[in-house]
Amino acid sequence: MKLLEADLSYFNYLEKGFAGEKKFDNMIKEHISIEHIVLNDLLLEHNNTKFQIDSLLFLSNTIHFFEIKNNEGDYYIDNDLWYKSPKKEIKNPLHQLKRSTTLLRGLLQELRINTQIVEHLVFVNPEFHLYNASMYLPITYPTQLNRMMDKLNSLNNSKINENHIKLANQLLNLHIKEPSYFRLPDYTFDQLTKGITCANCDAFIERYQKTTIRCNHCGFKENITNAVIRSIDEFSLLFPDRKITKNTIQEWCKIASHKTIKRILTSNYKQLGKSVSTHYVKQGN
Ligand SMILES: [Zn+2]
């Protein structure tokens, strides 16, 4: 469906942020070969204040706290205020970082853990530039990312012990699982465009041949069975209360025939109920 402008801009913001975090996470995976623990995407609370952590890297004596940003374009600092060029003020990300690090310090004190925390504000988008920033700020720019990874990795005496693992588990247990759907826009089944979308680029698939669908937009090919199961998963995620029936799924997938849908449902799902009330559930559910 077409999203309202405010929802769309919030969606783009989330998606961009997520892409940035994934990119950083992959860099850690590729580069850091010394003993370490990584925790991503934590939502914690201290003094009745919630705070978010993009990434925590545990090394021997230090916890590195990373706030990841995927901003793009030219930015500048003027009197401690941050602007996107030409003149749009943005929230000072260093304040956010400082606030979260302070709260994490408080939380660790409460847990009687005395470990050094090093804070980093990391910009991962190669199209990002910041003017007028002091070199003493805890900022890592896209062009410095590889060197930062090398530097972390050069602490080759890093040893992870029981205490690190215990603390990591404590933080995981304290993680607040907020329902991620609380800011979903309103939608109904009838309102949504039906059809199978491409697993690679999300464009709607126009038709399929034999057992293969091919995206006209990007050329990606996928087996029809996979594509239908993927679409059913999306249907279930969007409509957790609706039953999976042959007719509903045929309408949902649109391009696949009744016969194909029936074959896929019968061989991949458990059938419940008889005749008009027949519906299917995922195997193992
Ligand atoms: Zn595609």
# chains A, B, ... in the order shown; residues from 1 in each chain; ligands from 1

call {"tool": "select_by_dssp", "arguments": {"residues": "segment 103-228 of chain A", "states": "helix (DSSP H, G or I)", "output": "VMD selection string"}}
result
chain A and resid 103 to 110 142 to 153 162 to 174 224 to 228

call {"tool": "residues_near_ligand", "arguments": {"ligand": "ligand 1", "cutoff": "8 Å", "atoms": "only C-alpha atoms and all ligand atoms", "output": "list in words"}}
result
Thr197, Cys198, Ala199, Asn200, Cys201, Asp202, Ala203, Phe204, Ile205, Arg214, Cys215, Asn216, His217, Cys218, Gly219 and Phe220 of chain A

call {"tool": "write_last_selection", "arguments": {"atoms": "N, CA and C atoms", "output": "CSV table (one decimal), in the first residue's frame"}}
result
chain,number,residue,atom,x,y,z
A,197,THR,N,6.2,-10.7,-4.4
A,197,THR,CA,7.2,-9.7,-4.7
A,197,THR,C,8.5,-10.4,-4.8
A,198,CYS,N,9.4,-9.8,-5.6
A,198,CYS,CA,10.8,-10.3,-5.8
A,198,CYS,C,11.6,-10.4,-4.5
A,199,ALA,N,12.2,-11.5,-4.3
A,199,ALA,CA,13.0,-11.7,-3.0
A,199,ALA,C,14.2,-10.8,-3.0
A,200,ASN,N,14.6,-10.3,-4.2
A,200,ASN,CA,15.8,-9.5,-4.3
A,200,ASN,C,15.5,-8.0,-4.2
A,201,CYS,N,14.5,-7.5,-5.0
A,201,CYS,CA,14.3,-6.1,-5.1
A,201,CYS,C,12.9,-5.6,-4.7
A,202,ASP,N,12.0,-6.6,-4.3
A,202,ASP,CA,10.7,-6.2,-3.8
A,202,ASP,C,9.7,-5.8,-4.9
A,203,ALA,N,10.1,-5.8,-6.1
A,203,ALA,CA,9.1,-5.4,-7.2
A,203,ALA,C,8.1,-6.6,-7.3
A,204,PHE,N,6.9,-6.3,-7.8
A,204,PHE,CA,5.9,-7.3,-8.0
A,204,PHE,C,6.3,-8.2,-9.2
A,205,ILE,N,6.1,-9.5,-9.0
A,205,ILE,CA,6.4,-10.4,-10.1
A,205,ILE,C,5.2,-10.4,-11.1
A,214,ARG,N,10.5,-15.1,-12.5
A,214,ARG,CA,11.6,-14.3,-12.9
A,214,ARG,C,11.2,-12.8,-12.8
A,215,CYS,N,12.0,-12.0,-12.1
A,215,CYS,CA,11.7,-10.6,-11.9
A,215,CYS,C,12.0,-9.8,-13.1
A,216,ASN,N,11.0,-9.1,-13.6
A,216,ASN,CA,11.2,-8.3,-14.8
A,216,ASN,C,12.1,-7.1,-14.5
A,217,HIS,N,12.1,-6.8,-13.2
A,217,HIS,CA,12.8,-5.5,-12.8
A,217,HIS,C,14.3,-5.8,-12.7
A,218,CYS,N,14.7,-6.9,-11.9
A,218,CYS,CA,16.1,-7.1,-11.7
A,218,CYS,C,16.6,-8.4,-12.2
A,219,GLY,N,15.7,-9.3,-12.7
A,219,GLY,CA,16.2,-10.5,-13.4
A,219,GLY,C,16.3,-11.7,-12.4
A,220,PHE,N,16.1,-11.4,-11.1
A,220,PHE,CA,16.2,-12.5,-10.1
A,220,PHE,C,15.3,-13.6,-10.3

call {"tool": "residues_around", "arguments": {"residues": "segment 239-241 of chain A", "least_positions_apart": "4", "cutoff": "9 Å", "atoms": "only C-alpha atoms", "output": "list in words"}}
result
Thr188, Phe189, Glu234 and Phe235 of chain A

call {"tool": "write_last_selection", "arguments": {"atoms": "N, CA, C and O atoms", "output": "mmCIF file, in the first residue's frame"}}
result
data_model
loop_
_atom_site.group_PDB
_atom_site.id
_atom_site.type_symbol
_atom_site.label_atom_id
_atom_site.label_comp_id
_atom_site.auth_asym_id
_atom_site.auth_seq_id
_atom_site.Cartn_x
_atom_site.Cartn_y
_atom_site.Cartn_z
ATOM 1 N N THR A 188 -5.354 -3.069 6.085
ATOM 2 C CA THR A 188 -6.273 -4.197 6.034
ATOM 3 C C THR A 188 -5.907 -5.054 4.830
ATOM 4 O O THR A 188 -5.207 -4.590 3.926
ATOM 5 N N PHE A 189 -6.396 -6.283 4.835
ATOM 6 C CA PHE A 189 -6.114 -7.197 3.732
ATOM 7 C C PHE A 189 -6.560 -6.598 2.394
ATOM 8 O O PHE A 189 -5.829 -6.618 1.412
ATOM 9 N N GLU A 234 5.010 -13.842 4.837
ATOM 10 C CA GLU A 234 4.725 -12.406 4.930
ATOM 11 C C GLU A 234 3.257 -12.176 5.306
ATOM 12 O O GLU A 234 2.938 -11.328 6.136
ATOM 13 N N PHE A 235 2.382 -12.977 4.696
ATOM 14 C CA PHE A 235 0.953 -12.896 5.022
ATOM 15 C C PHE A 235 0.731 -13.151 6.517
ATOM 16 O O PHE A 235 0.015 -12.409 7.194
#

call {"tool": "closest_residue", "arguments": {"among": "A:Lys246, A:Lys98, A:Arg112, A:His164", "to": "Thr62 of chain A", "atoms": "only C-alpha atoms"}}
result
A:His164

call {"tool": "select_by_dssp", "arguments": {"residues": "segment 153-267 of chain A", "states": "strand (DSSP E)", "output": "list in words"}}
result
Tyr208, Gln209, Thr212, Ile213, Arg214, Lys221, Glu222 and Asn223 of chain A

call {"tool": "write_last_selection", "arguments": {"atoms": "all heavy atoms", "output": "CSV table (one decimal), in the first residue's frame"}}
result
chain,number,residue,atom,x,y,z
A,208,TYR,N,4.9,-16.2,-14.2
A,208,TYR,CA,6.0,-17.2,-14.0
A,208,TYR,C,5.8,-18.3,-15.0
A,208,TYR,O,4.8,-18.4,-15.6
A,208,TYR,CB,5.9,-17.8,-12.6
A,208,TYR,CG,4.7,-18.7,-12.3
A,208,TYR,CD1,4.9,-20.1,-12.3
A,208,TYR,CD2,3.5,-18.2,-12.0
A,208,TYR,CE1,3.8,-20.9,-12.0
A,208,TYR,CE2,2.4,-19.0,-11.7
A,208,TYR,CZ,2.6,-20.4,-11.7
A,208,TYR,OH,1.6,-21.2,-11.4
A,209,GLN,N,6.9,-19.0,-15.2
A,209,GLN,CA,6.9,-20.1,-16.2
A,209,GLN,C,7.2,-21.4,-15.5
A,209,GLN,O,8.2,-21.5,-14.8
A,209,GLN,CB,7.9,-19.8,-17.3
A,209,GLN,CG,7.4,-18.8,-18.3
A,209,GLN,CD,8.4,-18.6,-19.4
A,209,GLN,OE1,9.6,-18.6,-19.2
A,209,GLN,NE2,7.9,-18.4,-20.6
A,212,THR,N,9.4,-21.6,-12.2
A,212,THR,CA,10.3,-20.5,-11.9
A,212,THR,C,9.7,-19.2,-12.1
A,212,THR,O,9.0,-18.9,-13.1
A,212,THR,CB,11.6,-20.6,-12.8
A,212,THR,OG1,12.1,-21.9,-12.7
A,212,THR,CG2,12.6,-19.6,-12.3
A,213,ILE,N,9.9,-18.3,-11.1
A,213,ILE,CA,9.4,-16.9,-11.3
A,213,ILE,C,10.7,-16.1,-11.7
A,213,ILE,O,11.8,-16.4,-11.2
A,213,ILE,CB,8.7,-16.3,-10.1
A,213,ILE,CG1,9.7,-16.3,-8.9
A,213,ILE,CG2,7.5,-17.0,-9.7
A,213,ILE,CD1,9.1,-15.4,-7.7
A,214,ARG,N,10.5,-15.1,-12.5
A,214,ARG,CA,11.6,-14.3,-12.9
A,214,ARG,C,11.2,-12.8,-12.8
A,214,ARG,O,10.1,-12.4,-13.3
A,214,ARG,CB,12.1,-14.6,-14.3
A,214,ARG,CG,13.3,-13.9,-14.7
A,214,ARG,CD,13.8,-14.3,-16.1
A,214,ARG,NE,14.9,-13.5,-16.5
A,214,ARG,CZ,14.8,-12.2,-16.9
A,214,ARG,NH1,13.6,-11.6,-17.0
A,214,ARG,NH2,15.9,-11.5,-17.2
A,221,LYS,N,15.8,-14.9,-10.2
A,221,LYS,CA,14.9,-16.1,-10.4
A,221,LYS,C,14.7,-16.8,-9.1
A,221,LYS,O,15.7,-16.9,-8.3
A,221,LYS,CB,15.6,-17.0,-11.4
A,221,LYS,CG,15.5,-16.5,-12.8
A,221,LYS,CD,16.1,-17.6,-13.8
A,221,LYS,CE,16.2,-17.1,-15.2
A,221,LYS,NZ,17.1,-17.8,-16.0
A,222,GLU,N,13.5,-17.4,-9.0
A,222,GLU,CA,13.3,-18.1,-7.7
A,222,GLU,C,12.3,-19.2,-8.0
A,222,GLU,O,11.4,-19.1,-8.9
A,222,GLU,CB,12.7,-17.2,-6.7
A,222,GLU,CG,12.6,-17.8,-5.3
A,222,GLU,CD,12.0,-16.8,-4.3
A,222,GLU,OE1,11.3,-15.9,-4.7
A,222,GLU,OE2,12.1,-17.1,-3.0
A,223,ASN,N,12.4,-20.3,-7.4
A,223,ASN,CA,11.5,-21.4,-7.5
A,223,ASN,C,10.1,-21.0,-7.0
A,223,ASN,O,10.0,-20.3,-5.9
A,223,ASN,CB,12.1,-22.6,-6.7
A,223,ASN,CG,11.2,-23.7,-6.6
A,223,ASN,OD1,10.1,-23.7,-5.9
A,223,ASN,ND2,11.5,-24.8,-7.4

call {"tool": "closest_residue", "arguments": {"among": "A:Pro185, A:Thr193, A:Thr245, A:Gly20", "to": "Leu8 of chain A", "atoms": "only C-alpha atoms"}}
result
A:Pro185

call {"tool": "residues_around", "arguments": {"residues": "Tyr141 of chain A", "least_positions_apart": "2", "cutoff": "12 Å", "atoms": "only C-alpha atoms", "output": "ChimeraX atom specification"}}
result
/A:68-72,120-131,133,135,137-139,143-148

call {"tool": "residues_around", "arguments": {"residues": "Ile32 of chain A", "least_positions_apart": "5", "cutoff": "12 Å", "atoms": "only C-alpha atoms", "output": "list of chain:residue names"}}
result
A:Phe24, A:Asp25, A:Asn26, A:Met27, A:Ile37, A:Val38, A:Leu57, A:Phe58, A:Leu59, A:Asn146, A:Arg147, A:Met148, A:Met149, A:Asp150, A:Lys151, A:Leu152, A:Asn153, A:Ser154, A:Leu155, A:Asn156, A:Ser158

call {"tool": "write_last_selection", "arguments": {"atoms": "N, CA, C and O atoms", "output": "CSV table (one decimal), in the first residue's frame"}}
result
chain,number,residue,atom,x,y,z
A,24,PHE,N,28.1,-2.3,9.7
A,24,PHE,CA,29.1,-2.3,10.8
A,24,PHE,C,29.3,-3.7,11.4
A,24,PHE,O,30.4,-4.1,11.6
A,25,ASP,N,28.2,-4.3,11.6
A,25,ASP,CA,28.3,-5.7,12.2
A,25,ASP,C,29.1,-6.6,11.3
A,25,ASP,O,29.9,-7.4,11.8
A,26,ASN,N,28.9,-6.5,10.0
A,26,ASN,CA,29.6,-7.3,9.1
A,26,ASN,C,31.1,-7.0,9.1
A,26,ASN,O,32.0,-7.9,9.0
A,27,MET,N,31.4,-5.7,9.3
A,27,MET,CA,32.9,-5.3,9.4
A,27,MET,C,33.5,-6.0,10.6
A,27,MET,O,34.6,-6.4,10.6
A,37,ILE,N,33.4,-10.5,22.4
A,37,ILE,CA,32.0,-10.7,22.4
A,37,ILE,C,31.3,-9.5,21.8
A,37,ILE,O,31.7,-8.4,22.1
A,38,VAL,N,30.4,-9.7,20.9
A,38,VAL,CA,29.6,-8.5,20.4
A,38,VAL,C,28.1,-8.7,20.8
A,38,VAL,O,27.6,-9.7,20.7
A,57,LEU,N,31.2,-4.0,22.0
A,57,LEU,CA,32.3,-5.0,21.7
A,57,LEU,C,33.1,-5.2,23.0
A,57,LEU,O,33.6,-4.2,23.6
A,58,PHE,N,33.0,-6.4,23.6
A,58,PHE,CA,33.8,-6.7,24.8
A,58,PHE,C,35.2,-7.2,24.4
A,58,PHE,O,35.3,-8.2,23.7
A,59,LEU,N,36.2,-6.5,24.8
A,59,LEU,CA,37.6,-7.0,24.8
A,59,LEU,C,38.1,-7.2,26.2
A,59,LEU,O,37.3,-6.9,27.1
A,146,ASN,N,38.4,1.0,8.4
A,146,ASN,CA,39.3,-0.1,8.3
A,146,ASN,C,40.4,0.0,9.3
A,146,ASN,O,40.8,-0.9,10.0
A,147,ARG,N,40.9,1.3,9.5
A,147,ARG,CA,42.0,1.5,10.4
A,147,ARG,C,41.6,1.3,11.8
A,147,ARG,O,42.3,0.8,12.7
A,148,MET,N,40.3,1.7,12.1
A,148,MET,CA,39.8,1.5,13.5
A,148,MET,C,39.7,0.0,13.8
A,148,MET,O,40.1,-0.5,14.9
A,149,MET,N,39.3,-0.8,12.8
A,149,MET,CA,39.2,-2.3,13.0
A,149,MET,C,40.6,-2.9,13.2
A,149,MET,O,40.8,-3.7,14.1
A,150,ASP,N,41.5,-2.4,12.4
A,150,ASP,CA,42.9,-2.9,12.6
A,150,ASP,C,43.5,-2.6,13.9
A,150,ASP,O,44.1,-3.4,14.6
A,151,LYS,N,43.1,-1.4,14.4
A,151,LYS,CA,43.6,-0.9,15.7
A,151,LYS,C,43.0,-1.8,16.8
A,151,LYS,O,43.7,-2.2,17.7
A,152,LEU,N,41.7,-2.0,16.7
A,152,LEU,CA,41.1,-2.9,17.7
A,152,LEU,C,41.7,-4.3,17.7
A,152,LEU,O,42.0,-4.9,18.7
A,153,ASN,N,42.0,-4.7,16.5
A,153,ASN,CA,42.5,-6.1,16.3
A,153,ASN,C,43.9,-6.2,16.8
A,153,ASN,O,44.4,-7.3,17.1
A,154,SER,N,44.6,-5.1,16.9
A,154,SER,CA,46.1,-5.2,17.3
A,154,SER,C,46.2,-5.4,18.8
A,154,SER,O,47.3,-5.7,19.2
A,155,LEU,N,45.1,-5.4,19.5
A,155,LEU,CA,45.2,-5.7,20.9
A,155,LEU,C,45.2,-7.2,21.1
A,155,LEU,O,44.2,-7.8,21.5
A,156,ASN,N,46.2,-7.8,20.6
A,156,ASN,CA,46.1,-9.3,20.4
A,156,ASN,C,46.2,-10.1,21.7
A,156,ASN,O,46.2,-11.3,21.7
A,158,SER,N,43.8,-9.8,23.9
A,158,SER,CA,42.5,-9.9,24.4
A,158,SER,C,42.0,-11.3,24.8
A,158,SER,O,42.2,-12.2,24.0

call {"tool": "closest_residue", "arguments": {"among": "A:Lys274, A:Lys282, A:His95, A:Arg242", "to": "Leu81 of chain A", "atoms": "only C-alpha atoms"}}
result
A:His95

call {"tool": "closest_residue", "arguments": {"among": "A:Thr140, A:Ser9, A:Ser100, A:Asn61", "to": "Leu43 of chain A", "atoms": "only C-alpha atoms"}}
result
A:Ser100

call {"tool": "atom_distance", "arguments": {"atom1": "atom CA of Leu171 of chain A", "atom2": "atom CA of His36 of chain A"}}
result
15.5 Å

call {"tool": "closest_residue", "arguments": {"among": "A:Gln283, A:Gln191, A:Thr260, A:Asn247", "to": "Leu3 of chain A", "atoms": "only C-alpha atoms"}}
result
A:Gln191
